[in-house]
>>> print(open('target-v4.tsv').read())   # TSV, C-alpha atoms
chain	number	residue	atom	x	y	z
A	18	MET	CA	-38.69	-13.92	7.73
A	19	GLU	CA	-36.43	-13.41	10.73
A	20	VAL	CA	-32.68	-13.53	10.07
A	21	SER	CA	-30.74	-15.94	12.30
A	22	ASP	CA	-27.99	-14.73	14.62
A	23	ASN	CA	-25.40	-16.73	12.68
A	24	ALA	CA	-26.43	-15.01	9.43
A	25	LYS	CA	-26.07	-11.61	11.11
A	26	GLY	CA	-22.64	-12.57	12.44
A	27	LEU	CA	-21.57	-13.87	9.02
A	28	ALA	CA	-22.62	-10.64	7.26
A	29	LEU	CA	-20.87	-8.49	9.87
A	30	ALA	CA	-17.67	-10.58	9.65
A	31	VAL	CA	-17.54	-10.29	5.85
A	32	ALA	CA	-18.14	-6.52	6.04
A	33	SER	CA	-15.45	-6.25	8.71
A	34	SER	CA	-12.87	-7.99	6.51
A	35	ALA	CA	-13.70	-5.72	3.57
A	36	PHE	CA	-13.34	-2.57	5.69
A	37	ILE	CA	-10.07	-3.70	7.26
A	38	GLY	CA	-8.58	-4.74	3.91
A	39	VAL	CA	-9.35	-1.31	2.43
A	40	SER	CA	-8.00	0.43	5.54
A	41	PHE	CA	-4.55	-1.09	5.01
A	42	ILE	CA	-4.38	0.53	1.57
A	43	LEU	CA	-5.60	3.95	2.73
A	44	LYS	CA	-3.21	4.00	5.69
A	45	LYS	CA	-0.29	2.92	3.53
A	46	ILE	CA	-0.96	5.71	1.01
A	47	GLY	CA	-1.27	8.18	3.87
A	48	LEU	CA	2.03	7.04	5.37
A	49	LEU	CA	3.78	7.33	2.01
A	50	ARG	CA	2.50	10.86	1.51
A	51	ALA	CA	3.39	11.86	5.07
A	52	ALA	CA	6.94	10.52	4.63
A	53	LYS	CA	7.53	13.11	1.90
A	54	CYS	CA	6.75	15.95	4.29
A	55	GLY	CA	8.54	14.85	7.44
A	56	ALA	CA	9.93	11.96	9.48
A	57	ARG	CA	8.63	8.52	8.59
A	58	ALA	CA	6.54	6.56	11.11
A	59	GLY	CA	9.16	3.81	11.02
A	60	GLY	CA	11.71	6.38	12.21
A	61	GLY	CA	9.55	7.62	15.07
A	62	GLY	CA	7.81	10.46	13.22
A	63	TYR	CA	4.13	11.35	13.56
A	64	THR	CA	3.67	13.44	10.41
A	65	TYR	CA	1.01	10.96	9.28
A	66	LEU	CA	-1.36	12.39	11.90
A	67	SER	CA	-1.88	15.39	9.62
A	68	GLU	CA	-2.58	13.24	6.55
A	69	PRO	CA	-6.33	12.94	5.73
A	70	LEU	CA	-5.92	9.57	3.95
A	71	TRP	CA	-4.35	8.06	7.05
A	72	TRP	CA	-7.34	9.17	9.09
A	73	ALA	CA	-9.65	7.78	6.40
A	74	GLY	CA	-7.85	4.46	6.79
A	75	MET	CA	-8.16	4.65	10.58
A	76	THR	CA	-11.88	5.38	10.30
A	77	THR	CA	-12.36	2.48	7.90
A	78	MET	CA	-10.41	0.17	10.19
A	79	LEU	CA	-12.48	1.33	13.16
A	80	LEU	CA	-15.67	0.51	11.28
A	81	GLY	CA	-14.24	-2.92	10.49
A	82	GLU	CA	-13.25	-3.56	14.10
A	83	VAL	CA	-16.67	-2.48	15.35
A	84	ALA	CA	-18.36	-4.80	12.85
A	85	ASN	CA	-16.04	-7.61	13.94
A	86	PHE	CA	-16.75	-6.88	17.59
A	87	VAL	CA	-20.52	-7.05	17.06
A	88	ALA	CA	-20.11	-10.22	14.95
A	89	TYR	CA	-18.67	-12.03	17.97
A	90	ILE	CA	-21.86	-11.21	19.90
A	91	PHE	CA	-24.13	-12.82	17.29
A	92	ALA	CA	-21.98	-15.76	16.11
A	93	PRO	CA	-19.37	-18.10	17.63
A	94	ALA	CA	-15.66	-17.42	17.14
A	95	VAL	CA	-15.29	-20.56	15.03
A	96	LEU	CA	-17.46	-18.87	12.40
A	97	VAL	CA	-16.20	-15.28	12.66
A	98	THR	CA	-12.42	-15.66	13.07
A	99	PRO	CA	-11.61	-17.57	9.83
A	100	LEU	CA	-13.30	-14.85	7.79
A	101	GLY	CA	-10.53	-12.50	8.85
A	102	ALA	CA	-8.50	-14.06	6.04
A	103	LEU	CA	-10.71	-12.20	3.58
A	104	SER	CA	-9.04	-8.94	4.63
A	105	ILE	CA	-5.72	-10.32	3.36
A	106	ILE	CA	-7.24	-11.10	-0.02
A	107	VAL	CA	-8.80	-7.63	-0.23
A	108	SER	CA	-5.61	-5.79	0.76
A	109	SER	CA	-3.37	-7.92	-1.49
A	110	VAL	CA	-5.56	-7.39	-4.57
A	111	LEU	CA	-5.83	-3.65	-3.92
A	112	ALA	CA	-2.08	-3.39	-3.24
A	113	HIS	CA	-1.39	-4.99	-6.62
A	114	PHE	CA	-3.57	-2.52	-8.52
A	115	VAL	CA	-3.30	0.63	-6.39
A	116	LEU	CA	0.17	0.52	-4.80
A	117	LYS	CA	1.81	-1.49	-7.60
A	118	GLU	CA	3.34	-3.81	-5.00
A	119	ARG	CA	4.32	-7.02	-6.71
A	120	LEU	CA	4.28	-10.27	-4.78
A	121	GLU	CA	6.42	-13.02	-6.28
A	122	LYS	CA	5.08	-16.54	-6.85
A	123	LEU	CA	6.90	-17.84	-3.78
A	124	GLY	CA	5.28	-15.08	-1.73
A	125	VAL	CA	1.87	-15.96	-3.13
A	126	LEU	CA	2.42	-19.57	-2.09
A	127	GLY	CA	3.45	-18.38	1.36
A	128	CYS	CA	0.29	-16.25	1.67
A	129	VAL	CA	-1.90	-19.17	0.64
A	130	SER	CA	-0.14	-21.47	3.13
A	131	CYS	CA	-0.58	-18.94	5.93
A	132	ILE	CA	-4.26	-18.46	5.18
A	133	VAL	CA	-4.95	-22.19	4.84
A	134	GLY	CA	-3.06	-22.99	8.05
A	135	SER	CA	-4.85	-20.28	10.01
A	136	VAL	CA	-8.24	-21.37	8.74
A	137	VAL	CA	-7.50	-25.01	9.63
A	138	VAL	CA	-6.48	-24.06	13.16
A	139	VAL	CA	-9.53	-21.89	13.73
A	140	MET	CA	-12.00	-24.34	12.15
A	141	HIS	CA	-10.84	-27.16	14.40
A	142	ALA	CA	-10.70	-25.03	17.53
A	143	PRO	CA	-13.46	-25.85	20.06
A	144	GLU	CA	-16.39	-23.53	20.64
A	145	GLU	CA	-15.94	-21.02	23.43
A	146	HIS	CA	-18.02	-21.08	26.58
A	147	MET	CA	-20.02	-17.89	27.03
A	148	PRO	CA	-19.46	-16.59	30.59
A	149	ASP	CA	-22.45	-15.52	32.65
A	150	SER	CA	-20.88	-12.31	33.98
A	151	VAL	CA	-17.80	-10.11	33.83
A	152	LYS	CA	-16.86	-11.34	37.29
A	153	GLU	CA	-16.60	-14.87	35.92
A	154	ILE	CA	-14.25	-13.62	33.19
A	155	TRP	CA	-12.16	-11.86	35.82
A	156	ASN	CA	-11.84	-15.14	37.74
A	157	LEU	CA	-10.63	-16.80	34.53
A	158	ALA	CA	-8.15	-13.97	33.88
A	159	THR	CA	-6.61	-14.25	37.35
A	160	GLN	CA	-5.96	-18.00	37.14
A	161	PRO	CA	-2.26	-19.00	37.14
A	162	GLY	CA	-2.29	-20.19	33.51
A	163	PHE	CA	-3.43	-16.92	31.99
A	164	LEU	CA	-1.41	-14.82	34.41
A	165	ALA	CA	1.67	-16.71	33.19
A	166	TYR	CA	0.72	-15.99	29.56
A	167	ALA	CA	0.07	-12.30	30.26
A	168	LEU	CA	3.39	-11.97	32.09
A	169	THR	CA	5.26	-13.77	29.29
A	170	ALA	CA	3.63	-11.58	26.65
A	171	THR	CA	4.46	-8.44	28.62
A	172	LEU	CA	8.12	-9.43	29.07
A	173	LEU	CA	8.36	-10.34	25.38
A	174	MET	CA	6.91	-6.99	24.33
A	175	GLY	CA	9.27	-5.18	26.71
A	176	ALA	CA	12.30	-6.97	25.24
A	177	LEU	CA	11.15	-6.27	21.66
A	178	VAL	CA	10.50	-2.58	22.36
A	179	LEU	CA	13.59	-1.82	24.44
A	180	PHE	CA	16.25	-4.06	22.88
A	181	PHE	CA	15.29	-5.49	19.48
A	182	GLU	CA	13.34	-2.60	17.93
A	183	PRO	CA	16.21	-0.03	18.04
A	184	ARG	CA	18.61	-2.57	16.47
A	185	TYR	CA	16.52	-4.67	14.09
A	186	GLY	CA	13.16	-2.92	13.74
A	187	GLN	CA	13.94	-1.55	10.26
A	188	THR	CA	15.17	-4.89	8.88
A	189	ASN	CA	13.13	-7.63	10.59
A	190	ILE	CA	9.38	-7.55	10.02
A	191	LEU	CA	8.72	-9.81	13.02
A	192	ILE	CA	9.78	-7.12	15.52
A	193	TYR	CA	6.93	-4.67	14.91
A	194	LEU	CA	4.39	-7.38	14.16
A	195	GLY	CA	5.42	-9.39	17.21
A	196	ILE	CA	4.73	-6.38	19.42
A	197	CYS	CA	1.32	-5.50	17.96
A	198	SER	CA	0.24	-9.17	17.74
A	199	SER	CA	1.08	-9.80	21.41
A	200	MET	CA	-0.82	-6.69	22.39
A	201	GLY	CA	-3.63	-7.72	20.08
A	202	SER	CA	-4.13	-11.03	21.88
A	203	LEU	CA	-4.60	-9.17	25.18
A	204	THR	CA	-6.88	-6.69	23.45
A	205	VAL	CA	-9.15	-9.47	22.15
A	206	VAL	CA	-9.72	-11.14	25.52
A	207	SER	CA	-10.45	-7.71	27.02
A	208	ILE	CA	-12.86	-6.84	24.21
A	209	LYS	CA	-14.59	-10.19	24.68
A	210	ALA	CA	-15.17	-9.28	28.32
A	211	ILE	CA	-16.57	-5.90	27.27
A	212	GLY	CA	-18.80	-7.60	24.68
A	213	VAL	CA	-20.18	-9.97	27.31
A	214	ALA	CA	-20.82	-6.99	29.61
A	215	ILE	CA	-22.71	-5.11	26.88
A	216	LYS	CA	-24.76	-8.18	25.89
A	217	LEU	CA	-25.73	-8.95	29.51
A	218	THR	CA	-26.55	-5.30	30.15
A	219	LEU	CA	-28.83	-5.20	27.11
A	220	ASP	CA	-30.49	-8.37	28.42
A	221	GLY	CA	-31.30	-6.59	31.68
A	222	VAL	CA	-28.33	-7.65	33.85
A	223	ASN	CA	-26.32	-4.46	34.46
A	224	GLN	CA	-22.54	-5.08	34.39
A	225	ALA	CA	-21.41	-1.44	34.71
A	226	ALA	CA	-21.36	-1.75	38.51
A	227	TYR	CA	-18.48	-4.23	38.35
A	228	PRO	CA	-15.02	-2.58	38.46
A	229	TYR	CA	-13.73	-5.43	36.29
A	230	THR	CA	-15.71	-4.05	33.34
A	231	TRP	CA	-13.83	-0.75	33.46
A	232	LEU	CA	-10.51	-2.50	34.04
A	233	PHE	CA	-11.00	-4.60	30.92
A	234	LEU	CA	-11.96	-1.44	29.03
A	235	MET	CA	-8.76	0.32	30.15
A	236	VAL	CA	-6.60	-2.65	29.09
A	237	ALA	CA	-8.35	-2.79	25.72
A	238	ILE	CA	-7.75	0.93	25.09
A	239	ILE	CA	-4.07	0.90	26.11
A	240	CYS	CA	-3.22	-2.27	24.19
A	241	GLY	CA	-5.33	-1.23	21.20
A	242	VAL	CA	-3.66	2.18	20.82
A	243	SER	CA	-0.17	0.65	21.19
A	244	GLN	CA	-1.09	-2.07	18.71
A	245	ILE	CA	-2.10	0.53	16.10
A	246	ASN	CA	1.12	2.49	16.65
A	247	TYR	CA	3.39	-0.47	15.92
A	248	LEU	CA	1.23	-1.64	13.04
A	249	ASN	CA	1.74	1.82	11.50
A	250	LYS	CA	5.50	1.40	11.82
A	251	ALA	CA	5.33	-2.01	10.15
A	252	LEU	CA	3.22	-0.65	7.28
A	253	ASP	CA	5.58	2.28	6.78
A	254	THR	CA	8.71	0.10	6.76
A	255	PHE	CA	7.73	-3.09	4.93
A	256	ASN	CA	5.71	-4.16	1.91
A	257	LEU	CA	1.96	-4.34	2.56
A	258	ALA	CA	1.71	-7.68	0.77
A	259	LEU	CA	4.01	-9.12	3.47
A	260	VAL	CA	2.71	-7.18	6.49
A	261	SER	CA	-0.92	-8.19	5.99
A	262	PRO	CA	-0.59	-12.02	5.92
A	263	ILE	CA	2.17	-12.25	8.55
A	264	TYR	CA	0.23	-9.98	10.89
A	265	TYR	CA	-2.89	-12.07	10.34
A	266	VAL	CA	-1.02	-15.30	11.11
A	267	MET	CA	0.68	-14.03	14.26
A	268	PHE	CA	-2.40	-12.23	15.55
A	269	THR	CA	-4.68	-15.23	14.94
A	270	THR	CA	-2.25	-17.70	16.50
A	271	LEU	CA	-1.61	-15.66	19.64
A	272	THR	CA	-5.32	-14.91	20.00
A	273	ILE	CA	-6.16	-18.62	19.84
A	274	VAL	CA	-3.46	-19.37	22.44
A	275	ALA	CA	-4.62	-16.59	24.78
A	276	SER	CA	-8.27	-17.53	24.43
A	277	GLY	CA	-7.49	-21.23	24.88
A	278	ILE	CA	-5.56	-20.63	28.08
A	279	MET	CA	-8.02	-18.17	29.56
A	280	PHE	CA	-11.26	-19.93	28.62
A	281	LYS	CA	-9.83	-23.50	28.61
A	282	ASP	CA	-11.03	-24.08	25.06
A	283	TRP	CA	-8.86	-27.18	24.57
A	284	ALA	CA	-10.38	-29.12	27.49
A	285	GLY	CA	-12.11	-32.27	26.23
A	286	GLN	CA	-10.90	-31.95	22.63
A	287	SER	CA	-10.60	-35.06	20.50
A	288	LEU	CA	-7.21	-36.27	19.23
A	289	SER	CA	-8.26	-35.61	15.63
A	290	SER	CA	-8.99	-31.96	16.41
A	291	ILE	CA	-5.66	-31.55	18.20
A	292	ALA	CA	-3.84	-33.18	15.28
A	293	SER	CA	-5.61	-30.88	12.83
A	294	GLU	CA	-4.59	-27.84	14.85
A	295	LEU	CA	-0.94	-28.99	14.90
A	296	CYS	CA	-1.02	-29.48	11.13
A	297	GLY	CA	-2.47	-26.00	10.77
A	298	LEU	CA	0.30	-24.51	12.91
A	299	ILE	CA	2.96	-26.29	10.83
A	300	THR	CA	1.35	-24.92	7.68
A	301	ILE	CA	1.42	-21.42	9.16
A	302	LEU	CA	5.11	-21.77	10.02
A	303	SER	CA	5.90	-23.00	6.50
A	304	GLY	CA	3.99	-20.11	4.96
A	305	THR	CA	5.85	-17.59	7.12
A	306	VAL	CA	9.21	-19.06	6.03
A	307	LEU	CA	8.16	-18.83	2.38
A	308	LEU	CA	7.14	-15.20	2.84
A	309	HIS	CA	10.51	-14.33	4.36
A	310	THR	CA	12.30	-16.21	1.58
A	311	ALA	CA	10.34	-14.25	-1.04
A	312	GLU	CA	11.14	-10.96	0.70
A	313	LYS	CA	14.86	-11.69	0.93
A	314	GLY	CA	14.96	-12.88	-2.68
A	315	ALA	CA	13.32	-9.66	-3.87
A	316	ASN	CA	15.72	-7.52	-1.82
A	317	ASN	CA	18.76	-9.44	-3.06
A	318	SER	CA	17.64	-9.11	-6.66
A	319	ALA	CA	17.22	-5.37	-6.23
A	320	ALA	CA	20.66	-5.10	-4.63
A	321	LEU	CA	22.31	-6.79	-7.64
A	322	LEU	CA	21.04	-4.13	-10.08
A	323	PRO	CA	23.74	-1.56	-10.98
A	324	TRP	CA	21.29	1.32	-10.50
A	325	PRO	CA	17.51	1.49	-10.03
A	326	LEU	CA	16.07	2.09	-13.45
A	327	ASP	CA	12.71	1.01	-14.77
A	328	LYS	CA	11.59	0.64	-18.33
A	329	GLY	CA	10.95	3.92	-20.10
A	330	SER	CA	12.60	6.90	-21.72
A	331	ILE	CA	16.02	7.88	-20.35
A	332	SER	CA	17.56	11.29	-21.03
A	333	TRP	CA	20.89	12.74	-19.98
A	334	CYS	CA	23.20	15.57	-21.03
A	335	ILE	CA	26.88	14.96	-21.84
A	336	SER	CA	29.24	17.93	-22.05
A	337	LEU	CA	31.97	17.64	-24.70
A	338	SER	CA	34.20	20.74	-24.61
A	339	SER	CA	31.85	23.60	-25.47
A	340	ASP	CA	29.22	21.49	-27.18
A	341	ASN	CA	26.23	19.94	-25.46
A	342	LEU	CA	25.06	16.60	-26.67
A	343	LEU	CA	21.52	15.65	-25.76
A	344	LYS	CA	20.79	11.99	-26.19
A	345	ASN	CA	17.44	10.24	-25.75
A	346	VAL	CA	17.32	6.52	-25.47
A	347	GLU	CA	13.92	4.96	-26.12
A	348	GLU	CA	14.96	1.54	-24.90
A	349	ASP	CA	14.56	-0.59	-21.82
A	350	TYR	CA	16.88	-1.03	-18.85
A	351	PHE	CA	19.39	-3.33	-20.55
A	352	THR	CA	19.86	-0.96	-23.48
A	353	ALA	CA	20.49	1.80	-20.98
A	354	LEU	CA	23.21	-0.27	-19.35
A	355	GLN	CA	24.80	-1.01	-22.72
A	356	SER	CA	24.70	2.68	-23.67
A	357	SER	CA	26.21	3.75	-20.35
A	358	SER	CA	29.09	1.32	-20.72
A	359	ALA	CA	29.95	2.56	-24.21
A	360	PRO	CA	33.08	4.77	-24.41
A	361	VAL	CA	32.46	8.50	-24.71
>>> encode(input="target-v4.tsv", output="structure tokens")
Amino acid sequence: MEVSDNAKGLALAVASSAFIGVSFILKKIGLLRAAKCGARAGGGGYTYLSEPLWWAGMTTMLLGEVANFVAYIFAPAVLVTPLGALSIIVSSVLAHFVLKERLEKLGVLGCVSCIVGSVVVVMHAPEEHMPDSVKEIWNLATQPGFLAYALTATLLMGALVLFFEPRYGQTNILIYLGICSSMGSLTVVSIKAIGVAIKLTLDGVNQAAYPYTWLFLMVAIICGVSQINYLNKALDTFNLALVSPIYYVMFTTLTIVASGIMFKDWAGQSLSSIASELCGLITILSGTVLLHTAEKGANNSAALLPWPLDKGSISWCISLSSDNLLKNVEEDYFTALQSSSAPV
């Protein structure tokens, strides 16, 4: 029995999410190992390029992106895009067990809100019109509406890179993710053009003769490489359990906006669909606020601790005149504090 195109797209989208979720973990471990040997990626270092696990993560992510790219050829975006939320679930579960990164209840609620809001927005987004040629996509890309979006995104990325990143990049997670998400939205529309070119070429209509095909390919490569660079910095600086959902929310939202402007997806939508999309956006915003609140709460709690000790055995040597006193305390953190405050 022949498998339908939608079933192929669904299988590829699920596989893509699994690969991408695993890639976050592998890249994070690689970045942590590389940071012990040289400058961290968040500080401008590139030691991670010599770390095999980082390359394993990049390879896994590449496989996921390729599967996602092919999925868009077989199935509509309304089916493929929401399944990207599965990568958040995969990376969060693996981060809990592998990286021991704990996400507080408020953060879990924020993640759920972000995922639900993103899914609602995508599910109620209209189906995209499949262009007949790359030239038609180029005509859409050079219309005033999308040119204004591309210019705004470029100016925003320039301001984030030149002004905000040197000052707030290490403390505000939105700086790095804002850069790679903006670039990601331009990457997606370029990749869609390349996908259309490949599909038409396979159907017998050669698109390689159009210069627009190679221009879209160049934009996709430049934006894609830059996007990966800033995503690495975000992963190296912030908790994976926060990077993954916030990146998904920002990337999905900007991609929907870019695609809607370029392909005029919102033309002829019903009021109920528009209202559903607005509710989804509000849910995304609420989830993002909750995630930031959880992050600040965790940082403030850590700052209040007198010194960073975990449960376990604590040993120290106290010198009293010529005698050495070795004391082992088989207690938890609070006993250690009580012992340290006792007069010697």
>>> atom_distance(input="target-v4.tsv", atom1="CA of Gly241 (chain A)", atom2="CA of Thr204 (chain A)")
6.1 Å
>>> atom_distance(input="target-v4.tsv", atom1="CA of Ser207 (chain A)", atom2="CA of Ala237 (chain A)")
5.5 Å
>>> atom_distance(input="target-v4.tsv", atom1="CA of Ser293 (chain A)", atom2="CA of Val133 (chain A)")
11.8 Å
>>> closest_residue(input="target-v4.tsv", among="A:Ala167, A:Leu29, A:Ala102, A:Ile90", to="Ala210 (chain A)", atoms="all atoms listed in the file")
A:Ile90
>>> residues_around(input="target-v4.tsv", residues="Gly127 (chain A)", least_positions_apart="2", cutoff="6 Å", atoms="only C-alpha atoms", output="list in words")
Gly124, Val125, Val129, Ser130, Gly304, Leu307 and Leu308 of chain A
>>> closest_residue(input="target-v4.tsv", among="A:Gln224, A:Asn256, A:Asn156, A:Thr269", to="Ser198 (chain A)", atoms="only C-alpha atoms")
A:Thr269
>>> build_atoms(input="target-v4.tsv", residues="region 104-114 of chain A", atoms="all heavy atoms", output="short mmCIF file (atom, residue, chain, number, x, y, z; two decimals), in the frame of the given file")
data_model
loop_
_atom_site.label_atom_id
_atom_site.label_comp_id
_atom_site.auth_asym_id
_atom_site.auth_seq_id
_atom_site.Cartn_x
_atom_site.Cartn_y
_atom_site.Cartn_z
N SER A 104 -9.68 -10.26 4.65
CA SER A 104 -9.04 -8.94 4.63
C SER A 104 -7.68 -9.01 3.94
O SER A 104 -7.26 -8.04 3.30
CB SER A 104 -8.87 -8.42 6.06
OG SER A 104 -7.99 -9.25 6.81
N ILE A 105 -7.00 -10.15 4.04
CA ILE A 105 -5.72 -10.32 3.36
C ILE A 105 -5.92 -10.33 1.85
O ILE A 105 -5.16 -9.70 1.09
CB ILE A 105 -5.03 -11.62 3.82
CG1 ILE A 105 -4.74 -11.56 5.31
CG2 ILE A 105 -3.74 -11.86 3.03
CD1 ILE A 105 -4.12 -12.81 5.86
N ILE A 106 -6.96 -11.04 1.41
CA ILE A 106 -7.24 -11.10 -0.02
C ILE A 106 -7.58 -9.71 -0.55
O ILE A 106 -7.08 -9.28 -1.59
CB ILE A 106 -8.39 -12.08 -0.29
CG1 ILE A 106 -8.00 -13.49 0.17
CG2 ILE A 106 -8.76 -12.09 -1.77
CD1 ILE A 106 -9.11 -14.51 0.07
N VAL A 107 -8.41 -8.97 0.20
CA VAL A 107 -8.80 -7.63 -0.23
C VAL A 107 -7.59 -6.72 -0.31
O VAL A 107 -7.37 -6.02 -1.31
CB VAL A 107 -9.85 -7.04 0.74
CG1 VAL A 107 -10.13 -5.57 0.41
CG2 VAL A 107 -11.15 -7.84 0.66
N SER A 108 -6.77 -6.69 0.74
CA SER A 108 -5.61 -5.79 0.76
C SER A 108 -4.57 -6.18 -0.27
O SER A 108 -3.95 -5.31 -0.89
CB SER A 108 -4.98 -5.78 2.16
OG SER A 108 -4.51 -7.07 2.51
N SER A 109 -4.37 -7.48 -0.51
CA SER A 109 -3.37 -7.92 -1.49
C SER A 109 -3.78 -7.54 -2.91
O SER A 109 -2.96 -7.08 -3.71
CB SER A 109 -3.16 -9.44 -1.39
OG SER A 109 -2.66 -9.79 -0.13
N VAL A 110 -5.07 -7.75 -3.23
CA VAL A 110 -5.56 -7.39 -4.57
C VAL A 110 -5.47 -5.88 -4.79
O VAL A 110 -5.01 -5.41 -5.83
CB VAL A 110 -7.00 -7.89 -4.76
CG1 VAL A 110 -7.58 -7.35 -6.06
CG2 VAL A 110 -7.04 -9.42 -4.77
N LEU A 111 -5.89 -5.10 -3.79
CA LEU A 111 -5.83 -3.65 -3.92
C LEU A 111 -4.39 -3.16 -3.97
O LEU A 111 -4.08 -2.21 -4.70
CB LEU A 111 -6.57 -2.99 -2.75
CG LEU A 111 -8.10 -3.15 -2.76
CD1 LEU A 111 -8.68 -2.49 -1.52
CD2 LEU A 111 -8.71 -2.54 -4.01
N ALA A 112 -3.49 -3.79 -3.21
CA ALA A 112 -2.08 -3.39 -3.24
C ALA A 112 -1.48 -3.62 -4.61
O ALA A 112 -0.63 -2.85 -5.08
CB ALA A 112 -1.29 -4.16 -2.18
N HIS A 113 -1.91 -4.69 -5.28
CA HIS A 113 -1.39 -4.99 -6.62
C HIS A 113 -1.80 -3.90 -7.62
O HIS A 113 -0.99 -3.46 -8.44
CB HIS A 113 -1.89 -6.35 -7.07
CG HIS A 113 -1.51 -6.71 -8.47
ND1 HIS A 113 -0.23 -7.12 -8.81
CD2 HIS A 113 -2.22 -6.70 -9.62
CE1 HIS A 113 -0.18 -7.36 -10.12
NE2 HIS A 113 -1.37 -7.11 -10.62
N PHE A 114 -3.06 -3.47 -7.54
CA PHE A 114 -3.57 -2.52 -8.52
C PHE A 114 -3.33 -1.06 -8.13
O PHE A 114 -3.10 -0.22 -8.99
CB PHE A 114 -5.06 -2.75 -8.75
CG PHE A 114 -5.37 -4.04 -9.46
CD1 PHE A 114 -5.85 -5.13 -8.76
CD2 PHE A 114 -5.18 -4.17 -10.83
CE1 PHE A 114 -6.15 -6.33 -9.40
CE2 PHE A 114 -5.47 -5.36 -11.48
CZ PHE A 114 -5.94 -6.45 -10.77
#
